[in-house]
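Visitor: I am sharing model.cif, which consists of mmCIF, C-alpha atoms and all ligand atoms:
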```cif
data_run
#
loop_
_atom_site.label_atom_id
_atom_site.label_comp_id
_atom_site.auth_asym_id
_atom_site.auth_seq_id
_atom_site.Cartn_x
_atom_site.Cartn_y
_atom_site.Cartn_z
CA MET A 11 -263.69 -26.16 -69.01
CA HIS A 12 -263.82 -23.01 -66.95
CA THR A 13 -264.75 -23.83 -63.36
CA VAL A 14 -266.20 -21.18 -61.13
CA GLN A 15 -264.15 -20.83 -57.93
CA PRO A 16 -266.11 -20.24 -54.75
CA PRO A 17 -265.43 -16.78 -53.31
CA ILE A 18 -262.53 -16.82 -50.82
CA SER A 19 -263.89 -15.60 -47.50
CA PRO A 20 -261.49 -13.41 -45.53
CA PRO A 21 -260.03 -14.97 -42.37
CA PRO A 22 -262.06 -14.09 -39.29
CA GLU A 23 -260.95 -10.98 -37.45
CA ASP A 24 -258.92 -11.32 -34.25
CA VAL A 25 -260.97 -9.64 -31.53
CA ALA A 26 -259.84 -8.04 -28.26
CA VAL A 27 -262.53 -7.68 -25.58
CA VAL A 28 -262.38 -5.12 -22.77
CA VAL A 29 -264.97 -5.51 -20.00
CA GLY A 30 -265.38 -2.23 -18.10
CA ALA A 31 -264.63 -0.20 -21.22
CA THR A 32 -265.77 3.11 -19.75
CA GLY A 33 -263.80 2.83 -16.50
CA GLY A 34 -260.53 4.67 -15.87
CA LEU A 35 -258.27 1.77 -16.79
CA GLY A 36 -260.70 0.10 -19.19
CA SER A 37 -261.03 3.16 -21.42
CA ALA A 38 -257.24 3.64 -21.44
CA LEU A 39 -256.73 -0.02 -22.36
CA LEU A 40 -259.24 0.30 -25.17
CA ALA A 41 -257.49 3.42 -26.49
CA GLU A 42 -254.09 1.72 -26.35
CA LEU A 43 -255.41 -1.42 -28.06
CA GLY A 44 -256.74 0.87 -30.78
CA ARG A 45 -253.11 1.48 -31.75
CA ASP A 46 -252.46 -2.27 -32.06
CA SER A 47 -253.04 -3.53 -35.58
CA ARG A 48 -253.13 -7.18 -34.47
CA TYR A 49 -256.77 -6.84 -33.47
CA GLY A 50 -259.22 -6.23 -36.30
CA LEU A 51 -262.00 -5.40 -33.84
CA LEU A 52 -262.21 -4.20 -30.25
CA PHE A 53 -265.32 -5.16 -28.30
CA GLY A 54 -265.83 -2.64 -25.48
CA LEU A 55 -268.31 -3.86 -22.86
CA SER A 56 -269.78 -1.68 -20.17
CA ARG A 57 -272.95 -0.87 -18.27
CA THR A 58 -272.95 2.47 -20.10
CA PRO A 59 -271.46 1.82 -23.56
CA PRO A 60 -269.65 4.88 -24.92
CA SER A 61 -271.93 6.79 -27.31
CA ALA A 62 -269.14 7.83 -29.67
CA THR A 63 -266.57 5.15 -30.46
CA ALA A 64 -263.57 5.06 -32.75
CA GLY A 65 -263.71 2.97 -35.95
CA ARG A 66 -262.72 -0.51 -34.75
CA VAL A 67 -264.57 -0.40 -31.43
CA VAL A 68 -267.84 -2.29 -31.20
CA PRO A 69 -269.69 -1.18 -28.04
CA GLY A 70 -271.72 -3.67 -26.03
CA TYR A 71 -273.64 -3.95 -22.77
CA VAL A 72 -272.61 -5.92 -19.73
CA ASP A 73 -273.66 -5.71 -16.09
CA LEU A 74 -271.49 -8.06 -14.04
CA THR A 75 -274.37 -8.75 -11.66
CA ASP A 76 -276.57 -9.96 -14.53
CA GLU A 77 -275.28 -13.25 -15.98
CA ALA A 78 -277.69 -13.10 -18.93
CA SER A 79 -276.01 -9.88 -20.10
CA ILE A 80 -272.58 -11.57 -19.94
CA GLU A 81 -273.84 -14.60 -21.85
CA ALA A 82 -275.41 -12.38 -24.54
CA ALA A 83 -272.15 -10.42 -24.88
CA ALA A 84 -270.21 -13.66 -25.35
CA VAL A 85 -272.59 -14.75 -28.12
CA GLN A 86 -272.03 -11.37 -29.80
CA ALA A 87 -268.24 -11.66 -29.36
CA ARG A 88 -268.24 -15.05 -31.08
CA SER A 89 -270.02 -13.52 -34.08
CA LEU A 90 -267.35 -10.80 -34.40
CA GLY A 91 -264.38 -13.11 -34.99
CA THR A 92 -261.70 -15.05 -33.10
CA VAL A 93 -261.42 -13.85 -29.51
CA ARG A 94 -257.66 -13.60 -28.79
CA LEU A 95 -257.66 -11.28 -25.80
CA VAL A 96 -260.12 -10.65 -22.97
CA ILE A 97 -259.31 -8.06 -20.32
CA VAL A 98 -261.69 -7.67 -17.37
CA ALA A 99 -261.05 -4.10 -16.17
CA THR A 100 -264.07 -3.71 -13.90
CA GLY A 101 -263.85 -3.42 -10.15
CA LEU A 102 -265.25 -1.83 -7.03
CA LEU A 103 -263.47 -0.48 -3.95
CA HIS A 104 -265.97 2.02 -2.60
CA ASP A 105 -269.36 3.50 -3.37
CA ASP A 106 -272.05 5.40 -1.46
CA ALA A 107 -272.81 2.30 0.64
CA ALA A 108 -269.38 0.67 1.01
CA ARG A 109 -266.11 2.09 2.36
CA PRO A 110 -262.89 0.13 2.84
CA GLU A 111 -262.99 -1.17 6.43
CA ARG A 112 -260.22 -0.07 8.84
CA GLN A 113 -261.24 -2.45 11.64
CA LEU A 114 -263.45 -5.46 12.16
CA GLU A 115 -266.27 -3.43 13.78
CA GLU A 116 -266.82 -1.92 10.30
CA LEU A 117 -267.41 -5.30 8.62
CA ARG A 118 -270.86 -5.35 7.03
CA PRO A 119 -272.30 -8.36 5.19
CA GLU A 120 -273.87 -6.11 2.52
CA ALA A 121 -270.51 -4.54 1.64
CA LEU A 122 -268.75 -7.92 1.60
CA MET A 123 -271.42 -9.36 -0.70
CA LYS A 124 -271.39 -6.36 -3.00
CA LEU A 125 -267.62 -6.38 -3.45
CA PHE A 126 -267.58 -10.14 -3.98
CA ALA A 127 -270.36 -9.75 -6.57
CA VAL A 128 -268.36 -7.22 -8.62
CA ASN A 129 -264.73 -8.23 -7.93
CA SER A 130 -264.95 -12.04 -7.78
CA ILE A 131 -268.26 -13.43 -9.07
CA GLY A 132 -268.56 -10.98 -12.00
CA PRO A 133 -265.13 -11.82 -13.49
CA ALA A 134 -265.83 -15.52 -12.82
CA LEU A 135 -269.01 -15.31 -14.91
CA VAL A 136 -267.09 -13.48 -17.65
CA ALA A 137 -264.61 -16.38 -17.58
CA LYS A 138 -267.46 -18.92 -17.68
CA HIS A 139 -268.83 -17.43 -20.91
CA PHE A 140 -265.67 -16.09 -22.58
CA LEU A 141 -262.99 -18.74 -21.87
CA PRO A 142 -264.80 -21.25 -24.11
CA LEU A 143 -264.42 -18.73 -26.97
CA LEU A 144 -260.61 -18.75 -26.84
CA PRO A 145 -259.21 -20.69 -29.79
CA ARG A 146 -257.81 -24.17 -29.17
CA HIS A 147 -254.77 -23.30 -31.26
CA GLY A 148 -252.70 -20.14 -31.28
CA ARG A 149 -251.90 -17.81 -28.41
CA SER A 150 -254.73 -16.11 -26.53
CA VAL A 151 -254.98 -14.36 -23.16
CA PHE A 152 -257.68 -13.88 -20.52
CA ALA A 153 -256.53 -11.25 -18.00
CA SER A 154 -258.53 -9.90 -15.09
CA ILE A 155 -257.35 -6.80 -13.25
CA SER A 156 -256.80 -7.80 -9.66
CA ALA A 157 -254.82 -5.89 -6.99
CA ARG A 158 -251.67 -6.43 -4.97
CA VAL A 159 -253.76 -6.23 -1.78
CA GLY A 160 -255.37 -9.54 -2.81
CA SER A 161 -252.11 -11.32 -2.01
CA ILE A 162 -252.42 -13.23 1.29
CA GLU A 163 -248.65 -13.45 1.72
CA ASP A 164 -248.14 -9.75 1.02
CA ASN A 165 -250.81 -8.58 3.53
CA ARG A 166 -248.84 -6.61 6.11
CA LEU A 167 -251.14 -3.65 6.74
CA GLY A 168 -254.49 -5.42 7.31
CA GLY A 169 -257.84 -3.64 6.83
CA TRP A 170 -259.81 -3.30 3.57
CA TYR A 171 -261.47 -6.64 4.36
CA SER A 172 -264.06 -6.72 1.57
CA TYR A 173 -261.73 -5.54 -1.18
CA ARG A 174 -258.78 -7.72 -0.14
CA THR A 175 -260.81 -10.89 0.22
CA SER A 176 -262.76 -10.33 -3.01
CA LYS A 177 -259.48 -9.93 -4.92
CA ALA A 178 -257.92 -12.95 -3.15
CA ALA A 179 -260.96 -14.97 -4.24
CA LEU A 180 -260.54 -13.64 -7.78
CA ASN A 181 -256.91 -14.77 -7.78
CA MET A 182 -257.92 -18.29 -6.73
CA LEU A 183 -260.62 -18.38 -9.40
CA LEU A 184 -258.07 -17.38 -12.05
CA LYS A 185 -255.64 -20.06 -10.88
CA THR A 186 -258.38 -22.68 -10.99
CA PHE A 187 -259.56 -21.56 -14.45
CA SER A 188 -255.96 -21.81 -15.69
CA ILE A 189 -255.85 -25.50 -14.74
CA GLU A 190 -259.04 -26.32 -16.66
CA LEU A 191 -257.89 -24.15 -19.57
CA LYS A 192 -254.73 -26.26 -20.05
CA ARG A 193 -256.99 -29.06 -21.23
CA ARG A 194 -259.52 -27.00 -23.21
CA ALA A 195 -257.19 -24.55 -24.97
CA PRO A 196 -253.55 -25.48 -24.30
CA SER A 197 -252.16 -22.28 -25.87
CA ALA A 198 -254.40 -19.97 -23.84
CA ILE A 199 -253.13 -18.02 -20.82
CA CYS A 200 -255.21 -16.89 -17.82
CA VAL A 201 -253.74 -14.37 -15.38
CA GLY A 202 -254.46 -11.62 -12.86
CA LEU A 203 -252.80 -8.21 -13.21
CA HIS A 204 -251.99 -5.47 -10.69
CA PRO A 205 -251.98 -2.10 -12.46
CA GLY A 206 -250.05 -0.11 -9.83
CA THR A 207 -251.80 2.83 -8.17
CA VAL A 208 -253.63 4.57 -10.97
CA ASP A 209 -255.35 7.94 -11.05
CA THR A 210 -258.98 6.83 -11.46
CA ALA A 211 -262.26 7.32 -9.59
CA LEU A 212 -261.55 4.08 -7.71
CA SER A 213 -258.32 5.31 -6.10
CA LYS A 214 -259.24 9.02 -5.81
CA PRO A 215 -260.07 9.08 -2.05
CA PHE A 216 -256.84 7.20 -1.21
CA GLN A 217 -254.28 9.00 -3.35
CA GLY A 218 -253.09 11.18 -0.43
CA ARG A 219 -250.85 8.42 0.89
CA VAL A 220 -249.27 7.61 -2.48
CA ALA A 221 -245.59 8.59 -2.72
CA PRO A 222 -244.84 11.27 -5.33
CA GLY A 223 -244.15 9.75 -8.73
CA LYS A 224 -245.91 6.50 -7.80
CA LEU A 225 -249.31 7.46 -9.18
CA PHE A 226 -249.71 6.34 -12.80
CA SER A 227 -252.04 7.91 -15.32
CA PRO A 228 -254.48 5.35 -16.77
CA ALA A 229 -252.64 5.64 -20.12
CA GLN A 230 -249.25 4.83 -18.48
CA SER A 231 -250.71 1.85 -16.65
CA ALA A 232 -252.43 0.57 -19.80
CA VAL A 233 -249.10 0.60 -21.68
CA HIS A 234 -247.45 -1.30 -18.81
CA LEU A 235 -250.22 -3.90 -18.59
CA LEU A 236 -250.32 -4.56 -22.33
CA ARG A 237 -246.54 -5.00 -22.31
CA VAL A 238 -246.88 -7.57 -19.50
CA ILE A 239 -249.65 -9.35 -21.42
CA ASP A 240 -247.47 -9.51 -24.54
CA GLY A 241 -244.63 -11.12 -22.58
CA LEU A 242 -246.72 -13.89 -20.99
CA THR A 243 -246.23 -17.55 -21.83
CA THR A 244 -248.41 -20.55 -20.97
CA ALA A 245 -246.02 -21.24 -18.05
CA ASP A 246 -247.31 -17.98 -16.47
CA SER A 247 -250.95 -19.05 -16.57
CA GLY A 248 -252.68 -18.98 -13.18
CA ALA A 249 -250.39 -16.35 -11.62
CA VAL A 250 -250.84 -12.65 -10.82
CA PHE A 251 -248.39 -10.12 -12.26
CA ALA A 252 -247.74 -6.50 -11.39
CA TRP A 253 -247.47 -3.68 -13.97
CA ASP A 254 -243.67 -4.13 -14.10
CA GLY A 255 -243.91 -7.84 -14.92
CA SER A 256 -242.96 -9.04 -11.43
CA ARG A 257 -244.94 -11.94 -10.01
CA ILE A 258 -247.14 -11.21 -6.98
CA PRO A 259 -247.10 -13.93 -4.30
CA GLY A 260 -250.33 -15.86 -3.73
N1 LIG B 301 -256.97 2.54 -9.70
C1 LIG B 301 -256.10 1.87 -8.94
O1 LIG B 301 -255.21 2.46 -8.29
C2 LIG B 301 -256.16 0.38 -8.88
C3 LIG B 301 -255.20 -0.31 -8.10
C4 LIG B 301 -255.25 -1.69 -8.03
C5 LIG B 301 -256.22 -2.38 -8.73
N2 LIG B 301 -257.13 -1.69 -9.47
C6 LIG B 301 -258.16 -2.46 -10.19
O2 LIG B 301 -258.22 -2.01 -11.54
C7 LIG B 301 -259.52 -2.28 -12.07
C8 LIG B 301 -260.05 -1.04 -12.79
O3 LIG B 301 -260.30 -0.04 -11.84
P1 LIG B 301 -260.25 1.53 -12.19
O4 LIG B 301 -259.19 2.08 -11.33
O5 LIG B 301 -260.23 1.74 -13.64
O6 LIG B 301 -261.64 2.00 -11.56
P2 LIG B 301 -262.88 2.76 -12.20
O7 LIG B 301 -262.44 3.89 -13.04
O8 LIG B 301 -263.79 3.04 -11.05
O9 LIG B 301 -263.53 1.66 -13.16
C9 LIG B 301 -264.21 0.56 -12.65
C10 LIG B 301 -265.13 0.03 -13.71
O10 LIG B 301 -265.86 -1.08 -13.19
C11 LIG B 301 -267.17 -1.01 -13.71
N3 LIG B 301 -268.15 -1.73 -12.92
C12 LIG B 301 -268.37 -1.66 -11.59
N4 LIG B 301 -269.41 -2.44 -11.26
C13 LIG B 301 -269.85 -3.02 -12.42
C14 LIG B 301 -270.89 -3.91 -12.75
N5 LIG B 301 -271.74 -4.40 -11.83
N6 LIG B 301 -271.05 -4.28 -14.03
C15 LIG B 301 -270.23 -3.79 -14.99
N7 LIG B 301 -269.22 -2.94 -14.75
C16 LIG B 301 -269.05 -2.56 -13.47
C17 LIG B 301 -267.50 0.46 -13.73
O11 LIG B 301 -268.56 0.65 -14.62
P3 LIG B 301 -269.47 1.97 -14.63
O12 LIG B 301 -268.64 2.96 -15.43
O13 LIG B 301 -270.70 1.54 -15.33
O14 LIG B 301 -269.67 2.35 -13.20
C18 LIG B 301 -266.17 1.04 -14.20
O15 LIG B 301 -266.14 1.06 -15.61
C19 LIG B 301 -260.36 -2.76 -10.89
O16 LIG B 301 -260.41 -4.17 -10.88
C20 LIG B 301 -259.57 -2.29 -9.68
O17 LIG B 301 -259.82 -3.09 -8.54
C21 LIG B 301 -257.13 -0.34 -9.56
#
```
For this file, write the structure as structure tokens.

Guide:
Amino acid sequence: MHTVQPPISPPPEDVAVVVGATGGLGSALLAELGRDSRYGLLFGLSRTPPSATAGRVVPGYVDLTDEASIEAAAVQARSLGTVRLVIVATGLLHDDAARPERQLEELRPEALMKLFAVNSIGPALVAKHFLPLLPRHGRSVFASISARVGSIEDNRLGGWYSYRTSKAALNMLLKTFSIELKRRAPSAICVGLHPGTVDTALSKPFQGRVAPGKLFSPAQSAVHLLRVIDGLTTADSGAVFAWDGSRIPG
């Protein structure tokens, strides 16, 4: 007797998520991931999703200060396929209301709260809603762009109170997530990354003091960061790595 076989459904796509997809580094990471055939779909999340996107990029909306938007994006990500990579490439150093502080008289609660909201709490909420999507089996990575200045041990110059402390808090959050992740998804890796000094809107006002040859283009930095991500093992989870793969002290 001829039996009718059920249709074989294709395996779910592996999805890479970039939060901050229209930022300097985020857009470069998305472009570089577009050349990587391991990911069937790229989910580019931003407050202002790009209007024109290349074939495999699915644009989505996220405002880091609005948890409901992060939760909705995670629900959408789950429907796209298996989330194997999440890169949080958002961040804030300065805006019209906040400038990096040079001395303690410049400390303002509003600036501290704003930078913590974007640099620490925002990525933490992305972790809250996206870490549970990482598969229990098979390698996956959650990476949040931090900064070398978030290292307490490496702080020799002082200043930049809001930015430094918000990135230090981010680093501790990532370490703490990595401990819980060991139990939930033992093959998953959770790290912070320092991209080097990169020519973006964020670093523009401070590029004067960068030594010649030390300023990366966003594309160069994206290549470096994706190489570091590819080399990570579960033993690296919880740490912060620079663009050259070196470990940044806590
Ligand atoms: N550039 C450097 O030299 C350097 C050095 C060390 C570390 N980093 C870190 O690298 C990361 C990327 O920075 P970048 O240099 O690419 O800066 P950027 O070009 O200014 O990009 C920052 C991104 O963050 C997004 N963002 C800010 N607030 C947000 C919010 N509330 N909700 C959603 N998105 C928000 C911005 O979105 P909009 O486009 O909607 O404003 C923008 O896409 C940051 O974490 C930064 O701290 C950069």

Visitor: Pick the closest to ligand LIG 301 (chain B) from A:Ala38, A:Leu236, A:Leu212, A:Leu122: which is it, counting all atoms listed in the file?

Guide: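 Ranking A:Ala38, A:Leu236, A:Leu212, A:Leu122 by distance to ligand LIG 301 (chain B), first place goes to A:Leu212.
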
Visitor: What are the centre and edge lengths in Å, to one decimal, of the axis-aligned box around all listed atoms of ligand LIG 301 (chain B) with 8 Å added on each side, as JSON?

Guide:
```
{"center_x": -263.5, "center_y": -0.3, "center_z": -11.8, "size_x": 32.5, "size_y": 24.3, "size_z": 23.6}
```

Visitor: Output the neighbourhood of ligand LIG 301 (chain B) as a VMD selection string, that is, all protein and nucleic acid residues with some atom at most 9 Å from the ligand, counting all atoms listed in the file.

Guide: chain A and resid 29 to 38 55 to 59 71 to 76 98 to 104 125 127 to 129 132 154 to 159 173 177 203 to 214 216 to 217 225 to 226 228

Visitor: Write the residues of the preceding selection, restricted to C-alpha atoms, as a short mmCIF file (atom, residue, chain, number, x, y, z; two decimals), in the coordinates of the input.

Guide:
```
data_model
loop_
_atom_site.label_atom_id
_atom_site.label_comp_id
_atom_site.auth_asym_id
_atom_site.auth_seq_id
_atom_site.Cartn_x
_atom_site.Cartn_y
_atom_site.Cartn_z
CA VAL A 29 -264.97 -5.51 -20.00
CA GLY A 30 -265.38 -2.23 -18.10
CA ALA A 31 -264.63 -0.20 -21.22
CA THR A 32 -265.77 3.11 -19.75
CA GLY A 33 -263.80 2.83 -16.50
CA GLY A 34 -260.53 4.67 -15.87
CA LEU A 35 -258.27 1.77 -16.79
CA GLY A 36 -260.70 0.10 -19.19
CA SER A 37 -261.03 3.16 -21.42
CA ALA A 38 -257.24 3.64 -21.44
CA LEU A 55 -268.31 -3.86 -22.86
CA SER A 56 -269.78 -1.68 -20.17
CA ARG A 57 -272.95 -0.87 -18.27
CA THR A 58 -272.95 2.47 -20.10
CA PRO A 59 -271.46 1.82 -23.56
CA TYR A 71 -273.64 -3.95 -22.77
CA VAL A 72 -272.61 -5.92 -19.73
CA ASP A 73 -273.66 -5.71 -16.09
CA LEU A 74 -271.49 -8.06 -14.04
CA THR A 75 -274.37 -8.75 -11.66
CA ASP A 76 -276.57 -9.96 -14.53
CA VAL A 98 -261.69 -7.67 -17.37
CA ALA A 99 -261.05 -4.10 -16.17
CA THR A 100 -264.07 -3.71 -13.90
CA GLY A 101 -263.85 -3.42 -10.15
CA LEU A 102 -265.25 -1.83 -7.03
CA LEU A 103 -263.47 -0.48 -3.95
CA HIS A 104 -265.97 2.02 -2.60
CA LEU A 125 -267.62 -6.38 -3.45
CA ALA A 127 -270.36 -9.75 -6.57
CA VAL A 128 -268.36 -7.22 -8.62
CA ASN A 129 -264.73 -8.23 -7.93
CA GLY A 132 -268.56 -10.98 -12.00
CA SER A 154 -258.53 -9.90 -15.09
CA ILE A 155 -257.35 -6.80 -13.25
CA SER A 156 -256.80 -7.80 -9.66
CA ALA A 157 -254.82 -5.89 -6.99
CA ARG A 158 -251.67 -6.43 -4.97
CA VAL A 159 -253.76 -6.23 -1.78
CA TYR A 173 -261.73 -5.54 -1.18
CA LYS A 177 -259.48 -9.93 -4.92
CA LEU A 203 -252.80 -8.21 -13.21
CA HIS A 204 -251.99 -5.47 -10.69
CA PRO A 205 -251.98 -2.10 -12.46
CA GLY A 206 -250.05 -0.11 -9.83
CA THR A 207 -251.80 2.83 -8.17
CA VAL A 208 -253.63 4.57 -10.97
CA ASP A 209 -255.35 7.94 -11.05
CA THR A 210 -258.98 6.83 -11.46
CA ALA A 211 -262.26 7.32 -9.59
CA LEU A 212 -261.55 4.08 -7.71
CA SER A 213 -258.32 5.31 -6.10
CA LYS A 214 -259.24 9.02 -5.81
CA PHE A 216 -256.84 7.20 -1.21
CA GLN A 217 -254.28 9.00 -3.35
CA LEU A 225 -249.31 7.46 -9.18
CA PHE A 226 -249.71 6.34 -12.80
CA PRO A 228 -254.48 5.35 -16.77
#
```

Visitor: Measuring between all atoms listed in the file, which one of A:Met123, A:Ala134, A:Val151, A:Ala26 shows the shortest distance to Ala195 in chain A?

Guide: A:Val151

Visitor: Residues within 10 Å of range 77-88 of chain A, please, as a PyMOL selection string. Count all atoms listed in the file; anything in the same chain fewer than 6 positions from it doesn't count.

Guide: chain A and resi 25-27+29+51-53+55+57+68+70-71+131-133+135-144

Visitor: Between A:Pro69, A:Pro222, A:Gly50, A:Pro196, single out the one closest to Ala245 in chain A, counting all atoms listed in the file.

Guide: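 Smallest distance to Ala245 in chain A is found for A:Pro196.
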
Visitor: What separation in Å, quoted to one decimal, exists between CA of Leu180 in chain A and CA of Lys224 in chain A?

Guide: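 Interatomic distance, CA of Leu180 in chain A to CA of Lys224 in chain A: 24.9 Å.
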
Visitor: Measuring atom to atom with all atoms listed in the file, identify which of A:Ile239, A:Ala249, A:Ala108, A:Ala229 is nearest to Leu183 in chain A.

Guide: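 Using all atoms listed in the file, Leu183 in chain A sits closest to A:Ala249.
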
Visitor: Kindly indicate which residue among A:Gly169, A:Gly202, A:Gly248, A:Pro145 lies nearest to Glu190 in chain A, using all atoms listed in the file for the distances.

Guide: A:Gly248

Visitor: So which one's closest to Val28 in chain A, A:Pro215, A:Trp170, A:Leu184, A:Leu95? Using all atoms listed in the file, please.

Guide: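 Of A:Pro215, A:Trp170, A:Leu184, A:Leu95, the one nearest Val28 in chain A, counting all atoms listed in the file, is A:Leu95.
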
Visitor: Could you write range 27-38 of chain A as a PDB file, in the frame of the given file, with N, CA and C atoms rebuilt where they are missing?

Guide:
```pdb
ATOM      1  N   VAL A  27    -261.344  -8.070 -26.364  1.00  0.00           N
ATOM      2  CA  VAL A  27    -262.530  -7.680 -25.580  1.00  0.00           C
ATOM      3  C   VAL A  27    -262.068  -6.957 -24.319  1.00  0.00           C
ATOM      4  N   VAL A  28    -262.652  -5.807 -24.045  1.00  0.00           N
ATOM      5  CA  VAL A  28    -262.380  -5.120 -22.770  1.00  0.00           C
ATOM      6  C   VAL A  28    -263.707  -5.004 -22.023  1.00  0.00           C
ATOM      7  N   VAL A  29    -263.773  -5.613 -20.843  1.00  0.00           N
ATOM      8  CA  VAL A  29    -264.970  -5.510 -20.000  1.00  0.00           C
ATOM      9  C   VAL A  29    -264.704  -4.391 -18.986  1.00  0.00           C
ATOM     10  N   GLY A  30    -265.624  -3.425 -18.927  1.00  0.00           N
ATOM     11  CA  GLY A  30    -265.380  -2.230 -18.100  1.00  0.00           C
ATOM     12  C   GLY A  30    -264.772  -1.130 -18.963  1.00  0.00           C
ATOM     13  N   ALA A  31    -265.260  -1.043 -20.194  1.00  0.00           N
ATOM     14  CA  ALA A  31    -264.630  -0.200 -21.220  1.00  0.00           C
ATOM     15  C   ALA A  31    -264.766   1.289 -20.960  1.00  0.00           C
ATOM     16  N   THR A  32    -265.643   1.681 -20.027  1.00  0.00           N
ATOM     17  CA  THR A  32    -265.770   3.110 -19.750  1.00  0.00           C
ATOM     18  C   THR A  32    -265.126   3.485 -18.416  1.00  0.00           C
ATOM     19  N   GLY A  33    -264.505   2.536 -17.754  1.00  0.00           N
ATOM     20  CA  GLY A  33    -263.800   2.830 -16.500  1.00  0.00           C
ATOM     21  C   GLY A  33    -262.483   3.528 -16.776  1.00  0.00           C
ATOM     22  N   GLY A  34    -261.808   3.968 -15.710  1.00  0.00           N
ATOM     23  CA  GLY A  34    -260.530   4.670 -15.870  1.00  0.00           C
ATOM     24  C   GLY A  34    -259.525   3.823 -16.640  1.00  0.00           C
ATOM     25  N   LEU A  35    -259.252   2.634 -16.123  1.00  0.00           N
ATOM     26  CA  LEU A  35    -258.270   1.770 -16.790  1.00  0.00           C
ATOM     27  C   LEU A  35    -258.829   1.152 -18.072  1.00  0.00           C
ATOM     28  N   GLY A  36    -260.093   0.759 -18.032  1.00  0.00           N
ATOM     29  CA  GLY A  36    -260.700   0.100 -19.190  1.00  0.00           C
ATOM     30  C   GLY A  36    -260.674   0.992 -20.420  1.00  0.00           C
ATOM     31  N   SER A  37    -261.013   2.274 -20.243  1.00  0.00           N
ATOM     32  CA  SER A  37    -261.030   3.160 -21.420  1.00  0.00           C
ATOM     33  C   SER A  37    -259.613   3.400 -21.923  1.00  0.00           C
ATOM     34  N   ALA A  38    -258.634   3.464 -21.011  1.00  0.00           N
ATOM     35  CA  ALA A  38    -257.240   3.640 -21.440  1.00  0.00           C
ATOM     36  C   ALA A  38    -256.737   2.387 -22.168  1.00  0.00           C
TER      37      ALA A  38
END
```
